[in-house]
Structures are given as structure tokens and as C-alpha cells.
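Student: The structure that follows is given in the form of C-alpha cells.
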Amino acid sequence: MAKLSQDDLLAQFEEMTLIELSEFVKAFEDKFDVTAAAAVAVAGPAAGGAAAEPEAEQDEFDVILEGAGDKKIQVIKVVRELTSLGLKEAKDLVDGTPKPVLEKVAKEAAEKAAESLKAAGASVTVK
């Protein structure tokens, strides 16, 4: 097997859906016994009792489908539009609620997706 360059790998990842990429990351973690979580620095206590810095504003949100409601077919259509999943994958996602539809997206994109899903009759949580 020829060795792939970083650009070749990135091109392959661009073609994957979020679910496929998530499954790849899990398989990678299992195969190499690593985690893809970002390293977190441990801070010591503040010197001189200084006030703690305010928490940084959240800039990545997850859109979680809680339930499809009465209009399941409409919700499946919206999920397909948002994720570019196939019909079977979108149906499985809707049937397996609660499940994340979008992960780590900007606030505006999360709000827009939540509005679209709610308009289709779904119950949605943005975290």
C-alpha cells in the first residue's frame, strides 16, 4: 500500500459524513489505544486569592434530536438536508433518538438547524 500524504488523507476525510468520520475516529482510538480528546492543562490555585477568570464563551454547539414527533418523514428529510446522510442512515438516526444530528458547529448553524428540525415537528436540544 502506498503511503498517503497529509493532503491525500484530508481529501478523503472531506468526503466522509460526520457519522462516518466519528466511526473512523473510534476505530482509530481502538486500534492504537489512544484518545482523540484535546489535552487539558491543569491550572494551580490562583496566587494571592485573585478572582478566577470568567469562563470562556462556548463557540461550538451540538444539535441533539430528542424525538421525531408526529411528522417523522419530514424530520428524516430535514436530517438528510442537514447532514447529507443517505435515507437509511437518516432514518436510523431519527429512530434511535436521542442522538446528535450535528456536533461542534457554530452557534448560528446550530440555531438554524434546531429551527429547521422544530419546524418539521421534532423536539431538539442545543448544547
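Ligands are numbered from 1 in the order shown, chains are lettered A, B, ... in the order of the C-alpha cells, and residues start at 1 in each chain.
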Pick out each residue of chain A that DSSP on the backbone tags as strand (DSSP E or B); I need them as a PyMOL selection string.
Tutor: chain A and resi 61-67+99-105+123-126
Student: Convert the current residue selection to file output with N, CA, C and O atoms, as an mmCIF file, in the first residue's frame.
Tutor:
data_model
loop_
_atom_site.group_PDB
_atom_site.id
_atom_site.type_symbol
_atom_site.label_atom_id
_atom_site.label_comp_id
_atom_site.auth_asym_id
_atom_site.auth_seq_id
_atom_site.Cartn_x
_atom_site.Cartn_y
_atom_site.Cartn_z
ATOM 1 N N PHE A 61 -21.320 24.025 19.357
ATOM 2 C CA PHE A 61 -22.568 23.501 19.890
ATOM 3 C C PHE A 61 -22.921 22.183 19.217
ATOM 4 O O PHE A 61 -22.530 21.934 18.082
ATOM 5 N N ASP A 62 -23.681 21.358 19.936
ATOM 6 C CA ASP A 62 -24.201 20.103 19.407
ATOM 7 C C ASP A 62 -25.712 20.235 19.285
ATOM 8 O O ASP A 62 -26.368 20.758 20.188
ATOM 9 N N VAL A 63 -26.259 19.774 18.173
ATOM 10 C CA VAL A 63 -27.706 19.761 17.972
ATOM 11 C C VAL A 63 -28.145 18.312 18.169
ATOM 12 O O VAL A 63 -27.746 17.427 17.414
ATOM 13 N N ILE A 64 -28.961 18.083 19.217
ATOM 14 C CA ILE A 64 -29.360 16.723 19.583
ATOM 15 C C ILE A 64 -30.850 16.553 19.327
ATOM 16 O O ILE A 64 -31.669 17.301 19.840
ATOM 17 N N LEU A 65 -31.171 15.549 18.515
ATOM 18 C CA LEU A 65 -32.556 15.222 18.214
ATOM 19 C C LEU A 65 -33.103 14.388 19.362
ATOM 20 O O LEU A 65 -32.609 13.307 19.643
ATOM 21 N N GLU A 66 -34.112 14.915 20.049
ATOM 22 C CA GLU A 66 -34.702 14.229 21.202
ATOM 23 C C GLU A 66 -35.854 13.317 20.794
ATOM 24 O O GLU A 66 -36.103 12.307 21.433
ATOM 25 N N GLY A 67 -36.587 13.703 19.754
ATOM 26 C CA GLY A 67 -37.707 12.895 19.297
ATOM 27 C C GLY A 67 -38.214 13.408 17.962
ATOM 28 O O GLY A 67 -38.075 14.593 17.655
ATOM 29 N N LYS A 99 -30.205 11.376 19.703
ATOM 30 C CA LYS A 99 -28.923 11.260 19.001
ATOM 31 C C LYS A 99 -28.491 12.641 18.519
ATOM 32 O O LYS A 99 -29.332 13.459 18.160
ATOM 33 N N PRO A 100 -27.185 12.885 18.463
ATOM 34 C CA PRO A 100 -26.718 14.160 17.900
ATOM 35 C C PRO A 100 -26.859 14.156 16.376
ATOM 36 O O PRO A 100 -26.505 13.186 15.723
ATOM 37 N N VAL A 101 -27.398 15.246 15.845
ATOM 38 C CA VAL A 101 -27.523 15.405 14.406
ATOM 39 C C VAL A 101 -26.280 16.124 13.882
ATOM 40 O O VAL A 101 -25.684 15.721 12.908
ATOM 41 N N LEU A 102 -25.913 17.197 14.564
ATOM 42 C CA LEU A 102 -24.704 17.954 14.233
ATOM 43 C C LEU A 102 -23.878 18.102 15.500
ATOM 44 O O LEU A 102 -24.422 18.315 16.580
ATOM 45 N N GLU A 103 -22.561 18.009 15.358
ATOM 46 C CA GLU A 103 -21.677 18.151 16.512
ATOM 47 C C GLU A 103 -20.627 19.216 16.239
ATOM 48 O O GLU A 103 -20.116 19.319 15.121
ATOM 49 N N LYS A 104 -20.337 19.997 17.273
ATOM 50 C CA LYS A 104 -19.287 21.009 17.232
ATOM 51 C C LYS A 104 -19.455 21.963 16.051
ATOM 52 O O LYS A 104 -18.552 22.145 15.249
ATOM 53 N N VAL A 105 -20.638 22.574 15.963
ATOM 54 C CA VAL A 105 -20.903 23.558 14.914
ATOM 55 C C VAL A 105 -21.039 24.934 15.551
ATOM 56 O O VAL A 105 -21.238 25.066 16.756
ATOM 57 N N SER A 123 -38.473 17.384 18.395
ATOM 58 C CA SER A 123 -38.032 18.046 19.607
ATOM 59 C C SER A 123 -36.503 17.995 19.608
ATOM 60 O O SER A 123 -35.905 16.943 19.378
ATOM 61 N N VAL A 124 -35.881 19.158 19.851
ATOM 62 C CA VAL A 124 -34.448 19.315 19.676
ATOM 63 C C VAL A 124 -33.843 20.019 20.887
ATOM 64 O O VAL A 124 -34.481 20.890 21.496
ATOM 65 N N THR A 125 -32.596 19.655 21.222
ATOM 66 C CA THR A 125 -31.825 20.319 22.265
ATOM 67 C C THR A 125 -30.525 20.796 21.653
ATOM 68 O O THR A 125 -29.886 20.047 20.909
ATOM 69 N N VAL A 126 -30.130 22.033 21.992
ATOM 70 C CA VAL A 126 -28.836 22.545 21.562
ATOM 71 C C VAL A 126 -27.958 22.660 22.800
ATOM 72 O O VAL A 126 -28.320 23.324 23.761
#
Student: Excluding region 12-24 of chain A and residues on its chain fewer than 4 positions from it, collect all residues at most 10 Å away from it, counting only C-alpha atoms, and give them as a ChimeraX atom specification.
Tutor: /A:6-8,28-30,83-86,89,93,100-103
Student: Once you have the residues from the selection above, write them out as an mmCIF file, in the first residue's frame, restricted to N, CA, C and O atoms.
Tutor:
data_model
loop_
_atom_site.group_PDB
_atom_site.id
_atom_site.type_symbol
_atom_site.label_atom_id
_atom_site.label_comp_id
_atom_site.auth_asym_id
_atom_site.auth_seq_id
_atom_site.Cartn_x
_atom_site.Cartn_y
_atom_site.Cartn_z
ATOM 1 N N GLN A 6 -0.465 13.884 3.807
ATOM 2 C CA GLN A 6 -1.462 14.554 4.642
ATOM 3 C C GLN A 6 -2.583 15.118 3.788
ATOM 4 O O GLN A 6 -3.762 15.023 4.139
ATOM 5 N N ASP A 7 -2.230 15.712 2.650
ATOM 6 C CA ASP A 7 -3.240 16.291 1.770
ATOM 7 C C ASP A 7 -4.185 15.218 1.232
ATOM 8 O O ASP A 7 -5.391 15.443 1.126
ATOM 9 N N ASP A 8 -3.630 14.041 0.902
ATOM 10 C CA ASP A 8 -4.466 12.935 0.421
ATOM 11 C C ASP A 8 -5.438 12.480 1.508
ATOM 12 O O ASP A 8 -6.612 12.226 1.251
ATOM 13 N N PHE A 28 -9.918 4.245 15.082
ATOM 14 C CA PHE A 28 -8.520 4.676 15.233
ATOM 15 C C PHE A 28 -8.108 4.612 16.700
ATOM 16 O O PHE A 28 -7.032 4.122 17.040
ATOM 17 N N GLU A 29 -8.995 5.100 17.581
ATOM 18 C CA GLU A 29 -8.713 5.073 19.018
ATOM 19 C C GLU A 29 -8.545 3.639 19.510
ATOM 20 O O GLU A 29 -7.636 3.336 20.286
ATOM 21 N N ASP A 30 -9.418 2.743 19.053
ATOM 22 C CA ASP A 30 -9.332 1.342 19.466
ATOM 23 C C ASP A 30 -8.058 0.681 18.944
ATOM 24 O O ASP A 30 -7.364 -0.021 19.678
ATOM 25 N N THR A 83 -27.312 16.878 7.182
ATOM 26 C CA THR A 83 -26.136 16.022 7.348
ATOM 27 C C THR A 83 -25.647 15.391 6.061
ATOM 28 O O THR A 83 -24.566 14.817 6.059
ATOM 29 N N SER A 84 -26.411 15.448 5.017
ATOM 30 C CA SER A 84 -26.115 14.759 3.751
ATOM 31 C C SER A 84 -25.984 13.245 3.941
ATOM 32 O O SER A 84 -25.210 12.592 3.264
ATOM 33 N N LEU A 85 -26.745 12.701 4.887
ATOM 34 C CA LEU A 85 -26.800 11.253 5.091
ATOM 35 C C LEU A 85 -27.718 10.640 4.046
ATOM 36 O O LEU A 85 -28.580 11.315 3.491
ATOM 37 N N GLY A 86 -27.568 9.360 3.836
ATOM 38 C CA GLY A 86 -28.488 8.629 2.982
ATOM 39 C C GLY A 86 -29.801 8.404 3.706
ATOM 40 O O GLY A 86 -29.921 8.666 4.912
ATOM 41 N N GLU A 89 -29.517 5.865 6.705
ATOM 42 C CA GLU A 89 -28.768 6.406 7.838
ATOM 43 C C GLU A 89 -29.571 7.482 8.572
ATOM 44 O O GLU A 89 -29.588 7.529 9.799
ATOM 45 N N LEU A 93 -30.939 7.290 12.399
ATOM 46 C CA LEU A 93 -30.640 8.358 13.363
ATOM 47 C C LEU A 93 -31.929 8.830 14.034
ATOM 48 O O LEU A 93 -31.986 8.967 15.253
ATOM 49 N N PRO A 100 -27.185 12.885 18.463
ATOM 50 C CA PRO A 100 -26.718 14.160 17.900
ATOM 51 C C PRO A 100 -26.859 14.156 16.376
ATOM 52 O O PRO A 100 -26.505 13.186 15.723
ATOM 53 N N VAL A 101 -27.398 15.246 15.845
ATOM 54 C CA VAL A 101 -27.523 15.405 14.406
ATOM 55 C C VAL A 101 -26.280 16.124 13.882
ATOM 56 O O VAL A 101 -25.684 15.721 12.908
ATOM 57 N N LEU A 102 -25.913 17.197 14.564
ATOM 58 C CA LEU A 102 -24.704 17.954 14.233
ATOM 59 C C LEU A 102 -23.878 18.102 15.500
ATOM 60 O O LEU A 102 -24.422 18.315 16.580
ATOM 61 N N GLU A 103 -22.561 18.009 15.358
ATOM 62 C CA GLU A 103 -21.677 18.151 16.512
ATOM 63 C C GLU A 103 -20.627 19.216 16.239
ATOM 64 O O GLU A 103 -20.116 19.319 15.121
#
Student: For Lys77 (chain A), find every residue with an atom within 12 Å (counting only C-alpha atoms), except residues of its own chain fewer than 4 positions away, and show them as an mmCIF file with C-alpha atoms, in the first residue's frame.
Tutor:
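In the end it all went to part17.cif:
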data_model
loop_
_atom_site.group_PDB
_atom_site.id
_atom_site.type_symbol
_atom_site.label_atom_id
_atom_site.label_comp_id
_atom_site.auth_asym_id
_atom_site.auth_seq_id
_atom_site.Cartn_x
_atom_site.Cartn_y
_atom_site.Cartn_z
ATOM 1 C CA ALA A 68 -39.281 12.905 15.836
ATOM 2 C CA LYS A 71 -44.100 14.050 11.332
ATOM 3 C CA LYS A 72 -41.285 11.513 11.252
ATOM 4 C CA ILE A 73 -40.879 11.600 7.459
ATOM 5 C CA GLU A 81 -30.552 18.057 4.315
ATOM 6 C CA LEU A 82 -28.506 18.988 7.378
ATOM 7 C CA THR A 83 -26.136 16.022 7.348
ATOM 8 C CA SER A 84 -26.115 14.759 3.751
ATOM 9 C CA LEU A 85 -26.800 11.253 5.091
ATOM 10 C CA GLY A 86 -28.488 8.629 2.982
ATOM 11 C CA LEU A 87 -32.120 7.718 3.569
ATOM 12 C CA LYS A 88 -31.359 4.631 5.681
ATOM 13 C CA GLU A 89 -28.768 6.406 7.838
ATOM 14 C CA ALA A 90 -31.077 9.377 8.426
ATOM 15 C CA LYS A 91 -33.980 7.058 9.310
ATOM 16 C CA LEU A 93 -30.640 8.358 13.363
ATOM 17 C CA VAL A 94 -34.253 9.524 13.783
ATOM 18 C CA SER A 116 -35.479 23.572 10.834
ATOM 19 C CA LEU A 117 -35.960 20.420 12.898
ATOM 20 C CA ALA A 119 -40.444 23.338 12.110
ATOM 21 C CA ALA A 120 -40.601 19.730 10.873
ATOM 22 C CA GLY A 121 -42.131 18.666 14.210
ATOM 23 C CA ALA A 122 -39.085 17.307 16.054
#
Student: Using only C-alpha atoms, can you tell me which of A:Lys107, A:Lys26, A:Lys31, A:Lys3 comes closest to Lys127 (chain A)?
Tutor: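 The closest residue to Lys127 (chain A) is A:Lys107.
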Student: Would you mind telling me which residue in A:Ser5, A:Glu57, A:Asp33, A:Ile76 lies nearest to Thr97 (chain A) when using only C-alpha atoms?
Tutor: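 For Thr97 (chain A), the nearest of the candidates is A:Ile76.
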